[in-house]
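Text of model-v3.txt, listed as compact mmCIF, C-alpha atoms:
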# COMPACT_ATOMS: atom_id res chain seq x y z
CA MET A 4 0.00 0.00 0.00
CA ALA A 5 1.39 3.44 -0.91
CA GLU A 6 2.26 5.29 2.28
CA ASN A 7 5.20 7.47 1.21
CA SER A 8 3.14 10.54 0.33
CA GLU A 9 6.15 12.81 -0.09
CA ILE A 10 7.75 10.47 -2.64
CA ASN A 11 4.43 9.99 -4.41
CA GLU A 12 4.14 13.78 -4.49
CA ALA A 13 7.60 13.99 -6.01
CA LYS A 14 6.55 11.57 -8.72
CA LEU A 15 3.42 13.58 -9.27
CA ASN A 16 5.34 16.82 -9.59
CA SER A 17 7.83 15.23 -11.98
CA SER A 18 5.17 14.46 -14.55
CA PRO A 19 4.51 16.94 -17.33
CA SER A 20 1.10 18.60 -17.36
CA SER A 21 1.53 20.79 -20.43
CA GLY A 22 -1.21 20.39 -22.96
CA MET A 23 -3.81 19.34 -20.39
CA THR A 24 -7.02 21.32 -20.10
CA ASP A 25 -8.17 22.61 -16.72
CA GLN A 26 -10.86 19.93 -16.68
CA GLU A 27 -8.28 17.20 -17.31
CA LYS A 28 -5.99 18.58 -14.62
CA GLU A 29 -8.87 18.60 -12.14
CA MET A 30 -9.81 15.01 -12.99
CA ALA A 31 -6.17 13.92 -12.74
CA ALA A 32 -5.86 15.63 -9.36
CA SER A 33 -9.01 13.86 -8.14
CA ALA A 34 -7.63 10.51 -9.32
CA TYR A 35 -4.34 11.18 -7.55
CA GLU A 36 -5.99 12.24 -4.28
CA ALA A 37 -8.22 9.16 -4.33
CA PHE A 38 -5.17 6.98 -4.98
CA LEU A 39 -3.25 8.49 -2.05
CA SER A 40 -6.30 7.93 0.18
CA GLY A 41 -6.42 4.27 -0.78
CA LYS A 42 -9.71 4.72 -2.67
CA TYR A 43 -8.51 2.80 -5.70
CA GLU A 44 -11.96 2.15 -7.17
CA GLU A 45 -12.71 5.87 -7.09
CA SER A 46 -9.30 6.63 -8.57
CA LEU A 47 -9.98 4.22 -11.42
CA LYS A 48 -13.31 5.91 -12.17
CA HIS A 49 -11.60 9.29 -12.46
CA LEU A 50 -8.89 7.80 -14.65
CA GLU A 51 -11.42 6.13 -16.96
CA ALA A 52 -13.25 9.43 -17.37
CA LEU A 53 -9.94 11.16 -18.03
CA GLN A 54 -9.03 8.58 -20.64
CA GLU A 55 -12.27 9.31 -22.50
CA LEU A 56 -11.01 12.86 -22.96
CA ASN A 57 -7.45 11.90 -23.80
CA LYS A 58 -7.21 8.46 -25.35
CA GLU A 59 -3.65 8.98 -26.62
CA ASP A 60 -1.93 9.58 -23.26
CA TYR A 61 -0.22 6.34 -22.29
CA LYS A 62 0.36 7.68 -18.77
CA ILE A 63 -3.34 7.40 -18.02
CA THR A 64 -3.21 3.72 -18.97
CA MET A 65 -0.20 3.31 -16.71
CA ASN A 66 -2.03 5.03 -13.86
CA LYS A 67 -4.96 2.65 -14.32
CA ALA A 68 -2.62 -0.34 -14.24
CA VAL A 69 -0.99 0.95 -11.05
CA ALA A 70 -4.37 1.62 -9.41
CA GLU A 71 -5.56 -1.88 -10.38
CA PHE A 72 -2.35 -3.28 -8.89
CA TYR A 73 -2.99 -1.61 -5.54
CA LYS A 74 -6.69 -2.46 -5.68
CA SER A 75 -5.69 -6.13 -5.94
CA GLY A 76 -3.62 -5.81 -2.78
CA GLN A 77 -0.42 -5.79 -4.86
CA THR A 78 -0.97 -9.39 -5.91
CA THR A 79 -1.01 -8.92 -9.69
CA MET A 80 2.65 -8.23 -10.38
CA GLY A 81 2.66 -10.36 -13.52
CA THR A 82 -0.22 -8.39 -15.04
CA LEU A 83 1.38 -5.06 -14.16
CA LYS A 84 4.70 -6.18 -15.61
CA GLN A 85 3.01 -7.12 -18.90
CA THR A 86 1.24 -3.75 -19.03
CA LEU A 87 4.44 -1.79 -18.42
CA MET A 88 6.30 -3.85 -21.01
CA ALA A 89 3.57 -3.18 -23.57
CA MET A 90 3.84 0.55 -22.87
CA LYS A 91 7.59 0.47 -23.23
CA ASN A 92 7.25 -1.32 -26.56
CA GLN A 93 4.64 1.20 -27.63
CA LEU A 94 7.18 3.94 -26.99
CA HIS A 95 9.72 1.97 -29.05
CA THR A 96 12.24 2.12 -26.27
CA THR A 97 14.11 -0.18 -23.91
CA ALA A 98 16.26 0.38 -20.86
CA GLU A 99 19.29 0.52 -23.16
CA ASP A 100 17.70 3.43 -25.01
CA VAL A 101 17.59 5.67 -21.96
CA ASP A 102 20.40 7.82 -23.28
CA GLY A 103 19.05 11.33 -23.57
CA LEU A 104 17.15 14.03 -21.75
CA ASP A 105 14.08 13.36 -23.90
CA ASP A 106 13.62 10.15 -21.94
CA VAL A 107 13.16 12.01 -18.65
CA GLU A 108 9.55 12.67 -19.68
CA ASN A 109 8.97 8.93 -19.44
CA SER A 110 10.93 8.64 -16.19
CA LEU A 111 8.09 7.27 -14.08
CA LEU A 112 7.51 4.44 -16.53
CA TYR A 113 11.14 3.43 -16.09
CA TYR A 114 10.91 3.90 -12.34
CA ASN A 115 7.83 1.69 -12.15
CA GLN A 116 9.59 -0.99 -14.18
CA ALA A 117 12.68 -0.84 -11.95
CA THR A 118 10.52 -1.02 -8.82
CA LEU A 119 8.56 -3.95 -10.18
CA HIS A 120 11.79 -5.82 -10.93
CA TYR A 121 12.86 -4.97 -7.37
CA HIS A 122 9.74 -6.53 -5.85
CA MET A 123 10.15 -9.57 -8.09
CA ARG A 124 13.74 -9.88 -6.83
CA GLN A 125 15.12 -9.30 -10.32
CA TYR A 126 17.78 -7.00 -8.94
CA SER A 127 20.13 -6.86 -11.93
CA GLU A 128 17.32 -5.73 -14.21
CA ALA A 129 16.18 -3.15 -11.65
CA ILE A 130 19.70 -1.75 -11.27
CA CYS A 131 20.18 -1.53 -15.04
CA ILE A 132 17.07 0.61 -15.44
CA ALA A 133 17.51 2.73 -12.30
CA GLU A 134 21.16 3.56 -12.98
CA LYS A 135 20.42 4.77 -16.50
CA LEU A 136 17.43 6.75 -15.27
CA TYR A 137 19.26 8.39 -12.38
CA GLN A 138 22.05 9.86 -14.50
CA PHE A 139 19.55 12.05 -16.37
CA LEU A 140 17.74 13.43 -13.34
CA GLU A 141 18.66 16.52 -11.35
CA PRO A 142 20.00 15.20 -8.00
CA PHE A 143 18.16 17.85 -5.99
CA GLU A 144 14.75 16.87 -7.33
CA LYS A 145 12.65 14.74 -4.98
CA PHE A 146 11.97 12.19 -7.69
CA ALA A 147 15.71 11.75 -8.28
CA GLN A 148 16.08 11.15 -4.56
CA ALA A 149 13.42 8.42 -4.73
CA VAL A 150 15.39 6.76 -7.53
CA CYS A 151 18.54 7.14 -5.45
CA PHE A 152 16.99 5.43 -2.42
CA LEU A 153 15.85 2.59 -4.65
CA LEU A 154 19.40 2.20 -5.97
CA VAL A 155 20.87 2.25 -2.45
CA ASP A 156 18.58 -0.60 -1.44
CA LEU A 157 19.42 -2.52 -4.61
CA TYR A 158 23.15 -2.08 -4.07
CA LEU A 159 22.84 -3.36 -0.50
CA LEU A 160 20.83 -6.36 -1.68
CA THR A 161 23.46 -7.19 -4.31
CA PHE A 162 26.44 -6.76 -1.96
CA GLN A 163 27.77 -3.54 -3.49
CA PRO A 164 28.27 -1.45 -0.33
CA GLU A 165 30.75 0.96 -1.96
CA LYS A 166 28.16 2.11 -4.48
CA ALA A 167 25.53 2.37 -1.75
CA LEU A 168 27.84 4.48 0.41
CA HIS A 169 28.54 6.81 -2.50
CA LEU A 170 24.84 7.45 -3.03
CA LEU A 171 24.27 7.89 0.70
CA ALA A 172 27.01 10.54 0.70
CA VAL A 173 25.21 12.33 -2.13
CA LEU A 174 21.93 12.13 -0.23
CA ASP A 175 23.60 13.39 2.95
CA LYS A 176 24.96 16.40 1.07
CA ILE A 177 21.51 17.12 -0.34
CA SER A 178 20.02 16.78 3.14
CA VAL A 179 22.50 19.28 4.63
CA GLN A 180 21.86 21.79 1.85
CA GLY A 181 18.10 21.26 2.26
CA SER A 182 18.42 21.95 5.98
CA ASN A 183 20.28 25.17 5.29
CA LYS A 184 17.58 26.26 2.86
CA ASN A 185 14.39 25.58 4.80
CA GLY A 186 15.41 24.55 8.29
CA LYS A 187 14.68 20.88 7.85
CA GLY A 188 16.33 17.97 6.12
CA GLU A 189 13.69 16.44 3.89
CA VAL A 190 15.99 13.67 2.73
CA ALA A 191 17.18 12.73 6.21
CA SER A 192 13.73 11.50 7.15
CA ASN A 193 13.98 8.95 4.34
CA TYR A 194 17.02 7.13 5.73
CA SER A 195 14.80 4.85 7.78
CA ARG A 196 13.41 3.49 4.52
CA ILE A 197 16.72 1.90 3.53
CA SER A 198 16.29 -1.89 3.55
CA ASN A 199 12.63 -1.54 4.55
CA HIS A 200 11.61 -3.20 1.29
CA SER A 201 7.86 -2.76 1.69
CA ASP A 202 8.32 1.02 1.47
CA ILE A 203 9.58 0.95 -2.13
CA ASP A 204 6.39 1.82 -3.97
CA ILE A 205 5.15 1.61 -7.52
CA GLY A 206 4.36 5.20 -8.53
CA ILE A 207 1.45 6.98 -10.15
CA PHE A 208 1.37 9.85 -12.61
CA GLN A 209 -0.99 12.78 -12.76
What does the file become when written as structure tokens?
Amino acid sequence: MAENSEINEAKLNSSPSSGMTDQEKEMAASAYEAFLSGKYEESLKHLEALQELNKEDYKITMNKAVAEFYKSGQTTMGTLKQTLMAMKNQLHTTAEDVDGLDDVENSLLYYNQATLHYHMRQYSEAICIAEKLYQFLEPFEKFAQAVCFLLVDLYLLTFQPEKALHLLAVLDKISVQGSNKNGKGEVASNYSRISNHSDIDIGIFQ
């Protein structure tokens, strides 16, 4: 169940909203709020209505797949994996193609795939995707930090402590700078999530 609201918010804020009408933005916001509240059926209804207005946006389909996944109690990993793979094929891209800033727009699709591999204990595949995604994200963005925490956990699980320590040093630096800016270290509160595998969540777009 998605409980990391600040990371979900980071994912939300990382998604592009240009080209959406005010009505679509309102429906997307309603779907997102329902999702965060655990009202997955309600979220799906909003997403279905949104898809009627914008049939070409693959992110809506991804959101529906994610909401269905949580509605099932996170028991339909195989179905979600197939859906994400179909979307990736639709975009004519693979993890190896994540080689330019244009791919950042599809960052949550890659993140979801990496996280799904993580939960399926396919750590090499998860690391391959997450590493290529992380290098194109601004380190001070919350979404990049979520990717970083995922990588730290993956490195620990695959006995690569040096790489994990490097990323933790980066996160610590961000935390210190964040504390200087607003009086609190937003990243520091996330350290407790390391190795708490149930807290690595599949994301949702708006």
- Find the distance between atom CA of Lys28 of chain A and atom CA of Leu53 of chain A and write it in Å to one decimal. 9.1 Å
- Query: Interatomic distance between atom CA of Leu87 of chain A and atom CA of Ala129 of chain A?
  - Reply: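 Atom CA of Ala129 of chain A lies at a distance of 13.6 Å from atom CA of Leu87 of chain A.
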- Could you tell me how far atom CA of Ser33 of chain A lies from atom CA of Asn115 of chain A, in Å and to one decimal?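 Interatomic distance, atom CA of Ser33 of chain A to atom CA of Asn115 of chain A: 21.2 Å.
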- Task: Considering only C-alpha atoms, state which residue in the set A:Gln85, A:Asn109, A:Asn57, A:Ser75 is at the smallest distance from Gly41 of chain A.
- Result: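 That would be A:Ser75, the residue with the smallest distance to Gly41 of chain A.
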- Message: Please determine, counting only C-alpha atoms, which residue among A:Ile177, A:Leu170, A:Leu136, A:Ile130 has the shortest atom-to-atom distance to Tyr113 of chain A.
- Response: A:Leu136
